[in-house]
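Below: query10.cif (mmCIF, C-alpha atoms)
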data_run
loop_
_atom_site.label_atom_id
_atom_site.label_comp_id
_atom_site.auth_asym_id
_atom_site.auth_seq_id
_atom_site.Cartn_x
_atom_site.Cartn_y
_atom_site.Cartn_z
CA MET A 1099 162.86 34.74 109.65
CA ILE A 1100 161.39 33.20 106.49
CA GLU A 1101 162.04 29.76 107.95
CA GLN A 1102 159.41 30.54 110.61
CA VAL A 1103 156.57 31.05 108.11
CA GLU A 1104 153.87 28.61 109.20
CA ASP A 1105 152.36 27.61 105.86
CA GLU A 1106 154.69 24.95 104.49
CA GLU A 1107 154.11 25.57 100.77
CA LEU A 1108 154.46 29.32 101.10
CA ARG A 1109 157.57 28.91 103.24
CA SER A 1110 159.16 26.61 100.67
CA CYS A 1111 158.49 29.11 97.86
CA LEU A 1112 160.00 31.98 99.85
CA MET A 1113 163.07 29.98 100.82
CA PHE A 1114 163.59 29.05 97.18
CA ILE A 1115 163.35 32.72 96.18
CA VAL A 1116 165.89 33.72 98.84
CA ARG A 1117 168.30 30.94 97.88
CA ALA A 1118 168.04 31.90 94.22
CA ASP A 1119 169.33 35.38 95.09
CA ALA A 1120 172.81 33.83 95.09
CA LEU A 1121 172.75 33.77 91.27
CA LYS A 1122 173.59 37.50 91.51
CA LYS A 1123 176.99 36.51 92.89
CA VAL A 1124 177.95 34.14 90.06
CA LEU A 1125 180.25 36.00 87.67
CA ARG A 1126 180.61 35.27 83.97
CA LYS A 1127 183.46 35.91 81.56
CA THR A 1128 181.40 38.38 79.52
CA LYS A 1129 181.50 42.04 80.48
CA ILE A 1130 178.52 44.38 80.61
CA VAL A 1131 178.31 46.83 77.69
CA GLY A 1132 180.91 49.51 78.17
CA GLY A 1133 183.15 47.06 80.03
CA GLY A 1134 184.01 47.95 83.58
CA ARG A 1135 182.95 44.74 85.24
CA ASP A 1136 182.00 41.11 84.65
CA GLU A 1137 178.36 40.34 84.09
CA ASN A 1138 176.64 38.19 86.70
CA THR A 1139 174.32 35.33 85.83
CA ALA A 1140 171.14 36.86 87.27
CA GLU A 1141 171.32 40.02 85.15
CA HIS A 1142 172.41 37.87 82.19
CA SER A 1143 169.21 35.82 82.63
CA TRP A 1144 167.10 38.98 82.56
CA HIS A 1145 168.88 40.14 79.41
CA LEU A 1146 168.16 36.83 77.68
CA ILE A 1147 164.47 37.13 78.56
CA LEU A 1148 164.34 40.60 77.05
CA MET A 1149 166.11 39.27 73.94
CA ALA A 1150 163.64 36.41 73.58
CA LEU A 1151 160.70 38.81 73.80
CA SER A 1152 162.33 41.05 71.18
CA LEU A 1153 163.61 38.42 68.74
CA ALA A 1154 160.91 35.70 68.86
CA ARG A 1155 159.96 36.58 65.28
CA TYR A 1156 163.34 35.24 64.13
CA ALA A 1157 162.89 31.74 65.57
CA ASN A 1158 162.93 28.76 63.19
CA GLY A 1159 159.18 28.24 63.19
CA PRO A 1160 156.37 29.27 65.53
CA ILE A 1161 157.34 29.13 69.19
CA ASP A 1162 155.59 29.61 72.51
CA VAL A 1163 157.70 32.52 73.72
CA ASN A 1164 156.27 32.16 77.23
CA ARG A 1165 157.91 28.78 77.62
CA VAL A 1166 161.16 30.22 76.27
CA VAL A 1167 161.02 32.98 78.88
CA LYS A 1168 160.40 30.52 81.71
CA MET A 1169 163.30 28.33 80.59
CA LEU A 1170 165.59 31.35 80.49
CA ALA A 1171 164.56 32.46 83.99
CA LEU A 1172 165.48 29.01 85.33
CA HIS A 1173 168.19 27.63 83.08
CA ASP A 1174 171.24 28.94 84.94
CA LEU A 1175 170.16 28.22 88.53
CA GLY A 1176 172.54 25.26 88.57
CA GLU A 1177 175.40 27.75 88.52
CA ILE A 1178 174.62 28.63 92.13
CA GLY A 1179 175.99 25.21 92.99
CA VAL A 1180 178.62 24.80 90.30
CA GLY A 1181 179.63 28.29 89.18
CA ASP A 1182 179.79 29.58 85.60
CA VAL A 1183 181.95 27.44 83.33
CA PRO A 1184 182.79 29.31 80.12
CA LEU A 1185 181.69 27.82 76.80
CA TYR A 1186 185.33 27.26 75.82
CA ASP A 1187 186.34 25.44 79.01
CA PRO A 1188 187.06 21.70 78.48
CA ALA A 1189 185.38 20.96 81.84
CA ARG A 1190 182.06 22.22 80.52
CA SER A 1191 180.66 18.88 79.41
CA GLN A 1192 181.19 17.42 82.88
CA VAL A 1193 179.39 20.13 84.82
CA GLN A 1194 175.97 19.51 83.28
CA ALA A 1195 175.42 16.49 85.54
CA GLU A 1196 176.48 18.47 88.60
CA GLU A 1197 174.13 21.31 87.70
CA GLU A 1198 171.29 18.85 87.22
CA GLU A 1199 171.92 17.35 90.63
CA PHE A 1200 171.96 20.81 92.18
CA VAL A 1201 168.71 22.03 90.63
CA LYS A 1202 166.94 18.80 91.51
CA GLU A 1203 167.80 19.46 95.13
CA LEU A 1204 166.97 23.18 94.81
CA PHE A 1205 163.53 22.51 93.31
CA SER A 1206 162.79 19.51 95.58
CA THR A 1207 161.38 21.54 98.46
CA LEU A 1208 158.89 23.42 96.26
CA PRO A 1209 155.22 22.40 96.06
CA ARG A 1210 155.08 19.25 93.96
CA GLU A 1211 153.49 20.68 90.79
CA LEU A 1212 155.91 23.65 90.80
CA GLU A 1213 158.87 21.33 91.28
CA LYS A 1214 157.73 19.31 88.28
CA GLU A 1215 157.11 22.37 86.11
CA PHE A 1216 160.49 23.92 86.90
CA LEU A 1217 162.43 20.68 86.50
CA ASP A 1218 160.69 19.85 83.22
CA LEU A 1219 161.57 23.31 81.86
CA TRP A 1220 165.16 23.03 83.07
CA MET A 1221 165.55 19.60 81.47
CA GLU A 1222 163.92 20.77 78.25
CA PHE A 1223 166.44 23.59 77.97
CA ALA A 1224 169.33 21.25 78.77
CA ALA A 1225 168.21 18.68 76.19
CA GLY A 1226 167.80 21.32 73.47
CA GLN A 1227 165.40 19.27 71.39
CA THR A 1228 162.27 21.43 71.15
CA LEU A 1229 162.04 24.58 69.02
CA GLU A 1230 161.61 26.59 72.22
CA ALA A 1231 164.69 25.12 73.89
CA ARG A 1232 166.74 25.65 70.75
CA PHE A 1233 165.65 29.26 70.48
CA ALA A 1234 166.33 29.82 74.20
CA ARG A 1235 169.81 28.33 73.77
CA ALA A 1236 170.42 30.56 70.77
CA MET A 1237 169.66 33.59 72.98
CA ASP A 1238 172.20 32.29 75.50
CA ARG A 1239 174.85 32.16 72.78
CA PHE A 1240 173.97 35.37 70.97
CA GLN A 1241 173.92 37.69 73.99
CA PRO A 1242 177.64 37.37 74.91
CA PHE A 1243 178.41 37.83 71.20
CA LEU A 1244 176.56 41.15 71.19
CA ASN A 1245 178.28 42.32 74.37
CA ASN A 1246 181.70 41.32 73.06
CA LEU A 1247 181.06 43.16 69.79
CA GLU A 1248 180.09 46.27 71.74
CA ASN A 1249 183.19 45.91 73.94
CA ASN A 1250 185.58 45.61 71.02
CA GLY A 1251 186.04 41.87 71.63
CA SER A 1252 187.29 42.13 75.20
CA SER A 1253 186.54 38.56 76.38
CA TRP A 1254 187.77 37.05 73.13
CA ALA A 1255 191.18 38.63 73.65
CA GLU A 1256 191.24 37.63 77.31
CA LEU A 1257 190.34 34.00 76.60
CA LYS A 1258 192.35 33.81 73.32
CA ILE A 1259 189.28 32.96 71.21
CA THR A 1260 189.75 32.96 67.44
CA LYS A 1261 186.92 33.54 65.00
CA GLU A 1262 187.07 29.85 64.04
CA MET A 1263 186.66 28.76 67.66
CA ALA A 1264 183.69 31.10 68.09
CA LEU A 1265 181.99 29.83 64.93
CA ASP A 1266 182.55 26.23 65.93
CA LYS A 1267 181.33 26.63 69.52
CA ASN A 1268 178.26 28.67 68.60
CA LYS A 1269 177.00 26.96 65.46
CA SER A 1270 174.02 25.55 67.38
CA ILE A 1271 172.52 29.04 67.14
CA GLN A 1272 171.40 27.86 63.70
CA GLU A 1273 169.12 25.26 65.31
CA GLY A 1274 167.21 28.05 67.04
CA SER A 1275 167.37 30.77 64.42
CA ASP A 1276 168.76 30.64 60.88
CA THR A 1277 168.49 34.42 60.70
CA LEU A 1278 170.59 35.01 63.80
CA TRP A 1279 173.19 32.43 62.76
CA GLN A 1280 173.55 34.04 59.34
CA LEU A 1281 174.02 37.39 61.07
CA TYR A 1282 176.49 35.88 63.55
CA ARG A 1283 178.73 34.73 60.70
CA ILE A 1284 178.63 38.09 58.94
CA LEU A 1285 179.37 40.05 62.11
CA ALA A 1286 182.08 37.62 63.23
CA GLY A 1287 183.80 38.15 59.88
CA LYS A 1288 183.69 41.93 60.29
CA ALA A 1289 184.85 41.67 63.90
CA ASP A 1290 187.77 39.49 62.84
CA ALA A 1291 188.77 41.98 60.14
CA GLN A 1292 188.87 44.63 62.85
CA GLY A 1293 191.12 42.47 65.04
CA MET A 1294 188.54 41.77 67.75
CA PHE A 1295 189.24 38.01 67.78
CA TRP A 1296 192.49 36.40 68.86
CA GLN A 1297 194.82 36.24 65.89
CA THR A 1298 197.00 33.16 65.56
CA MET B 972 178.96 47.24 64.52
CA ILE B 973 175.30 46.46 65.20
CA GLU B 974 174.37 49.77 63.59
CA GLN B 975 175.62 48.36 60.27
CA VAL B 976 173.13 45.47 60.22
CA GLU B 977 171.28 45.84 56.93
CA ASP B 978 167.82 44.61 57.86
CA GLU B 979 166.14 47.56 59.54
CA GLU B 980 163.82 45.62 61.86
CA LEU B 981 166.52 43.25 63.03
CA ARG B 982 168.92 46.16 63.52
CA SER B 983 166.37 48.04 65.63
CA CYS B 984 165.79 44.98 67.86
CA LEU B 985 169.52 44.46 68.40
CA MET B 986 170.13 48.12 69.19
CA PHE B 987 167.30 48.01 71.72
CA ILE B 988 168.86 44.93 73.34
CA VAL B 989 172.25 46.62 73.56
CA ARG B 990 170.80 49.83 74.98
CA ALA B 991 168.85 47.87 77.58
CA ASP B 992 172.13 46.45 78.92
CA ALA B 993 172.52 49.74 80.78
CA LEU B 994 169.89 48.60 83.31
CA LYS B 995 172.72 46.53 84.83
CA LYS B 996 174.36 49.79 85.87
CA VAL B 997 171.36 51.23 87.71
CA LEU B 998 171.84 50.64 91.44
CA ARG B 999 169.03 50.26 93.95
CA LYS B 1000 168.93 50.85 97.71
CA THR B 1001 168.30 47.17 98.44
CA LYS B 1002 171.29 44.92 98.97
CA ILE B 1003 171.68 41.39 97.60
CA VAL B 1004 171.16 38.64 100.18
CA GLY B 1005 174.21 38.48 102.42
CA GLY B 1006 174.79 42.21 101.91
CA GLY B 1007 178.07 43.18 100.35
CA ARG B 1008 176.75 45.33 97.54
CA ASP B 1009 173.70 47.14 96.22
CA GLU B 1010 171.41 45.25 93.92
CA ASN B 1011 171.14 46.50 90.34
CA THR B 1012 167.84 46.83 88.51
CA ALA B 1013 168.52 44.16 85.86
CA GLU B 1014 169.15 41.37 88.37
CA HIS B 1015 166.24 42.71 90.46
CA SER B 1016 164.00 42.29 87.39
CA TRP B 1017 165.10 38.68 86.97
CA HIS B 1018 164.43 38.02 90.65
CA LEU B 1019 160.90 39.40 90.33
CA ILE B 1020 160.24 37.14 87.36
CA LEU B 1021 161.35 34.11 89.34
CA MET B 1022 159.12 35.23 92.22
CA ALA B 1023 156.10 35.62 89.96
CA LEU B 1024 156.61 32.11 88.55
CA SER B 1025 156.90 30.74 92.10
CA LEU B 1026 154.11 32.68 93.80
CA ALA B 1027 151.43 32.99 91.09
CA ARG B 1028 149.18 30.66 93.14
CA TYR B 1029 148.90 33.39 95.79
CA ALA B 1030 147.50 36.05 93.44
CA ASN B 1031 144.06 37.49 94.15
CA GLY B 1032 142.26 35.50 91.50
CA PRO B 1033 143.37 33.70 88.35
CA ILE B 1034 146.12 35.53 86.48
CA ASP B 1035 147.96 35.10 83.20
CA VAL B 1036 151.44 34.71 84.68
CA ASN B 1037 153.00 35.13 81.24
CA ARG B 1038 151.77 38.69 81.05
CA VAL B 1039 153.04 39.30 84.59
CA VAL B 1040 156.48 38.05 83.56
CA LYS B 1041 156.60 40.26 80.48
CA MET B 1042 155.60 43.30 82.54
CA LEU B 1043 158.34 42.56 85.05
CA ALA B 1044 160.97 42.18 82.33
CA LEU B 1045 160.07 45.63 80.98
CA HIS B 1046 158.75 47.64 83.92
CA ASP B 1047 162.01 49.19 85.10
CA LEU B 1048 163.55 50.11 81.74
CA GLY B 1049 162.66 53.75 82.40
CA GLU B 1050 165.30 53.74 85.12
CA ILE B 1051 167.98 53.71 82.41
CA GLY B 1052 166.95 57.29 81.71
CA VAL B 1053 165.91 58.42 85.17
CA GLY B 1054 167.75 56.20 87.68
CA ASP B 1055 166.22 54.31 90.59
CA VAL B 1056 164.20 56.49 92.92
CA PRO B 1057 163.54 54.71 96.23
CA LEU B 1058 159.94 54.09 97.28
CA TYR B 1059 160.37 56.47 100.20
CA ASP B 1060 161.78 59.38 98.19
CA PRO B 1061 159.36 62.35 97.90
CA ALA B 1062 160.48 62.84 94.28
CA ARG B 1063 159.08 59.45 93.33
CA SER B 1064 155.71 60.63 92.13
CA GLN B 1065 157.31 63.06 89.71
CA VAL B 1066 159.60 60.60 87.99
CA GLN B 1067 156.85 58.41 86.54
CA ALA B 1068 156.23 60.92 83.74
CA GLU B 1069 159.94 61.09 82.96
CA GLU B 1070 160.22 57.31 82.87
CA GLU B 1071 157.23 57.13 80.53
CA GLU B 1072 158.82 59.65 78.20
CA PHE B 1073 162.05 57.66 78.23
CA VAL B 1074 160.51 54.25 77.46
CA LYS B 1075 158.37 55.73 74.69
CA GLU B 1076 161.54 56.89 73.02
CA LEU B 1077 163.34 53.61 73.81
CA PHE B 1078 160.57 51.48 72.30
CA SER B 1079 159.91 53.84 69.38
CA THR B 1080 162.57 52.38 67.09
CA LEU B 1081 161.30 48.80 67.46
CA PRO B 1082 159.10 47.15 64.83
CA ARG B 1083 155.63 48.68 65.20
CA GLU B 1084 153.80 45.71 66.73
CA LEU B 1085 156.60 45.10 69.22
CA GLU B 1086 156.64 48.78 70.19
CA LYS B 1087 152.90 48.60 70.84
CA GLU B 1088 153.12 45.35 72.82
CA PHE B 1089 155.97 46.61 75.04
CA LEU B 1090 154.42 50.02 75.64
CA ASP B 1091 151.01 48.53 76.43
CA LEU B 1092 152.61 46.20 78.99
CA TRP B 1093 154.66 49.02 80.50
CA MET B 1094 151.57 51.24 80.78
CA GLU B 1095 149.51 48.40 82.23
CA PHE B 1096 152.09 47.89 84.98
CA ALA B 1097 152.29 51.61 85.66
CA ALA B 1098 148.50 51.97 85.87
CA GLY B 1099 148.19 48.99 88.23
CA GLN B 1100 144.54 48.34 87.40
CA THR B 1101 144.51 44.73 86.14
CA LEU B 1102 144.98 41.69 88.37
CA GLU B 1103 148.22 40.94 86.53
CA ALA B 1104 149.62 44.45 87.02
CA ARG B 1105 148.65 44.40 90.69
CA PHE B 1106 150.32 41.06 91.23
CA ALA B 1107 153.45 42.21 89.35
CA ARG B 1108 153.57 45.34 91.52
CA ALA B 1109 153.19 43.20 94.63
CA MET B 1110 156.29 41.24 93.55
CA ASP B 1111 158.16 44.53 93.15
CA ARG B 1112 157.29 45.47 96.74
CA PHE B 1113 157.75 42.07 98.33
CA GLN B 1114 161.23 41.30 96.97
CA PRO B 1115 163.09 44.14 98.74
CA PHE B 1116 161.19 43.17 101.91
CA LEU B 1117 162.55 39.62 101.67
CA ASN B 1118 166.10 40.84 101.03
CA ASN B 1119 165.93 43.30 103.91
CA LEU B 1120 164.65 40.59 106.26
CA GLU B 1121 167.54 38.34 105.23
CA ASN B 1122 169.99 41.22 105.70
CA ASN B 1123 168.79 42.05 109.20
CA GLY B 1124 167.02 45.20 107.97
CA SER B 1125 170.08 46.87 106.45
CA SER B 1126 168.34 49.32 104.07
CA TRP B 1127 165.68 50.20 106.64
CA ALA B 1128 168.35 51.36 109.06
CA GLU B 1129 170.20 53.21 106.32
CA LEU B 1130 167.09 55.04 105.08
CA LYS B 1131 165.55 55.44 108.57
CA ILE B 1132 162.41 53.49 107.71
CA THR B 1133 160.06 52.64 110.58
CA LYS B 1134 157.67 49.70 110.50
CA GLU B 1135 154.76 52.15 110.14
CA MET B 1136 156.35 53.77 107.09
CA ALA B 1137 156.95 50.35 105.51
CA LEU B 1138 153.36 49.23 106.12
CA ASP B 1139 151.99 52.47 104.70
CA LYS B 1140 154.16 52.50 101.59
CA ASN B 1141 153.63 48.83 100.78
CA LYS B 1142 149.96 48.33 101.54
CA SER B 1143 149.19 48.05 97.82
CA ILE B 1144 150.63 44.51 98.03
CA GLN B 1145 147.15 43.61 99.23
CA GLU B 1146 145.70 44.55 95.83
CA GLY B 1147 147.86 41.85 94.22
CA SER B 1148 147.87 39.22 96.93
CA ASP B 1149 145.96 39.11 100.21
CA THR B 1150 148.12 36.17 101.31
CA LEU B 1151 151.40 38.02 100.82
CA TRP B 1152 150.09 41.18 102.47
CA GLN B 1153 148.95 39.22 105.52
CA LEU B 1154 152.40 37.65 105.68
CA TYR B 1155 154.09 41.03 105.20
CA ARG B 1156 152.33 42.40 108.28
CA ILE B 1157 153.23 39.40 110.42
CA LEU B 1158 156.87 39.42 109.38
CA ALA B 1159 157.16 43.21 109.70
CA GLY B 1160 155.92 42.89 113.26
CA LYS B 1161 158.53 40.25 114.07
CA ALA B 1162 161.25 42.26 112.33
CA ASP B 1163 160.31 45.33 114.34
CA ALA B 1164 160.44 43.35 117.58
CA GLN B 1165 163.98 42.35 116.62
CA GLY B 1166 164.97 45.97 116.01
CA MET B 1167 165.34 45.67 112.22
CA PHE B 1168 163.27 48.80 111.53
CA TRP B 1169 164.26 52.33 112.48
CA GLN B 1170 163.08 53.00 116.01
CA THR B 1171 161.75 56.47 116.77
#
Please go through the file and, once you have read it, give me the structure as structure tokens.
Amino acid sequence: MIEQVEDEELRSCLMFIVRADALKKVLRKTKIVGGGRDENTAEHSWHLILMALSLARYANGPIDVNRVVKMLALHDLGEIGVGDVPLYDPARSQVQAEEEEFVKELFSTLPRELEKEFLDLWMEFAAGQTLEARFARAMDRFQPFLNNLENNGSSWAELKITKEMALDKNKSIQEGSDTLWQLYRILAGKADAQGMFWQT
Amino acid sequence: MIEQVEDEELRSCLMFIVRADALKKVLRKTKIVGGGRDENTAEHSWHLILMALSLARYANGPIDVNRVVKMLALHDLGEIGVGDVPLYDPARSQVQAEEEEFVKELFSTLPRELEKEFLDLWMEFAAGQTLEARFARAMDRFQPFLNNLENNGSSWAELKITKEMALDKNKSIQEGSDTLWQLYRILAGKADAQGMFWQT
């Protein structure tokens, strides 16, 4: 019925919103706290936004948290086209281009200035060069860590992730927040001592 | 393990983030697009944020969309304590006080300025007096409408909602956006003609 809305700009916004709903069906390898089921990417995105609002004080330098929040709301929309590819999957570096292609198409029907704003934010996150993008990316890395800690390391066991692999794959947290990276290393050490990581 | 973090402020932020994860387990009466399962409140919150970023141009007057987004990220956290109470449930007016009590406790362990910021935003949304709160509340009403339209009226049939009930319960959309309220009425009329609403 939305496709019958007469105003073209309004119709394009509504169709975008309805298409984006599909992010709720993309499942990740991380489980929600308490286990039970895989987290989906839409609720993950909300959780990252809440984290950014709560942890902005720990960013490496002053950030515009509003831009961080917008990036986090948009950054995973490419997964609607491509699916979630875990951090440790060798295919991960190839999917970035596919995600970019998908979001360009997804945003292309929006009113011009909105298309530009959303694509610029998406690209800024993907490039990871600004303080805001780096902090947003640190949220994206730190949230699964928290959930895995709370779930006694469930995904690490499932994916056979050692502490060394986790430290190597997540060291870019330091670019967004020295404080959170320092904490990551301390907690990873404790988690490893408790057998939460895969032991070789 | 988070409870062992030495820095008190950082620990309190992390514990808040972990507690908030429970919003992913609160189920709503609306289904995700395509049906299949109930929507949960965390992914619903993300969807509202995306809507606000996309539809801000249709607000009744200039708004600070960043404050709208923050309100939407926080506004449903009370449901962790109280659960989701559908718009049409007679108990709905009573639960507001319980939700307020819950979020006051939830925010109370955060660093003082963050506690104040979050509670102020939560209260602003609940009061619905500012342009931003009214627009945020309009998003909260319009999103289930979109999903129900896409799902051929599934929740309306299930809850025995007539078009008249929907118009009455959602008329406050007009306070946030005349454009969206006008559209709501048109689309509700079409949906009713197609038998999507409960017919008395």
Check which residues of chain B sit at most 6 Å from chain A using only C-alpha atoms, and return one row each with the closest pair of atoms and their distance in Å to one decimal, ordered by chain and rising number, as CSV.
residue,atom,partner,partner_atom,distance
B:Ala1013,CA,A:Glu1141,CA,5.0
B:Glu1014,CA,A:Glu1141,CA,4.1
B:Trp1017,CA,A:Trp1144,CA,4.9
B:Asn1037,CA,A:Asn1164,CA,6.0
I need the chosen residues saved as a JSON list (two decimals), in the frame of the given file, with C-alpha atoms.
[["chain", "number", "residue", "atom", "x", "y", "z"],
["B", 1013, "ALA", "CA", 168.52, 44.16, 85.86],
["B", 1014, "GLU", "CA", 169.15, 41.37, 88.37],
["B", 1017, "TRP", "CA", 165.10, 38.68, 86.97],
["B", 1037, "ASN", "CA", 153.00, 35.13, 81.24]]
- request: List every protein, DNA or RNA residue with an atom no more than 8 Å from (177.2, 34.1, 63.9) in the file's coordinates, counting all atoms listed in the file, and format the result as a PyMOL selection string.
  value: chain A and resi 1240+1265+1268-1269+1271+1278-1286
Can you write just those residues out, C-alpha atoms, as a PDB file, in the coordinates of the input?
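Result saved to part.pdb:
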ATOM      1  CA  PHE A1240     173.970  35.370  70.970  1.00  0.00           C
ATOM      2  CA  LEU A1265     181.990  29.830  64.930  1.00  0.00           C
ATOM      3  CA  ASN A1268     178.260  28.670  68.600  1.00  0.00           C
ATOM      4  CA  LYS A1269     177.000  26.960  65.460  1.00  0.00           C
ATOM      5  CA  ILE A1271     172.520  29.040  67.140  1.00  0.00           C
ATOM      6  CA  LEU A1278     170.590  35.010  63.800  1.00  0.00           C
ATOM      7  CA  TRP A1279     173.190  32.430  62.760  1.00  0.00           C
ATOM      8  CA  GLN A1280     173.550  34.040  59.340  1.00  0.00           C
ATOM      9  CA  LEU A1281     174.020  37.390  61.070  1.00  0.00           C
ATOM     10  CA  TYR A1282     176.490  35.880  63.550  1.00  0.00           C
ATOM     11  CA  ARG A1283     178.730  34.730  60.700  1.00  0.00           C
ATOM     12  CA  ILE A1284     178.630  38.090  58.940  1.00  0.00           C
ATOM     13  CA  LEU A1285     179.370  40.050  62.110  1.00  0.00           C
ATOM     14  CA  ALA A1286     182.080  37.620  63.230  1.00  0.00           C
TER      15      ALA A1286
END
message: Can you pull out the residues contacting Leu1130 in chain B? Cut-off 12 Å, using all atoms listed in the file, and skip same-chain residues under 2 positions away; I want them as a ChimeraX atom specification.
response: /B:1000-1001,1057-1060,1119,1124-1128,1132-1133,1136-1137,1167-1170
task: Please provide the set of residues having any atom within 6 Å of Gly1147 in chain B, restricted to all atoms listed in the file, with same-chain residues fewer than 3 positions apart removed, written as a PyMOL selection string.
output: chain B and resi 1030-1031+1105-1106+1109+1144
Evaluate the PyMOL selection byres ((chain A and resi 1217) around 10) and report residues as number ranges by chain: A: 1169, 1172-1173, 1198, 1201-1202, 1204-1206, 1211-1216, 1218-1223
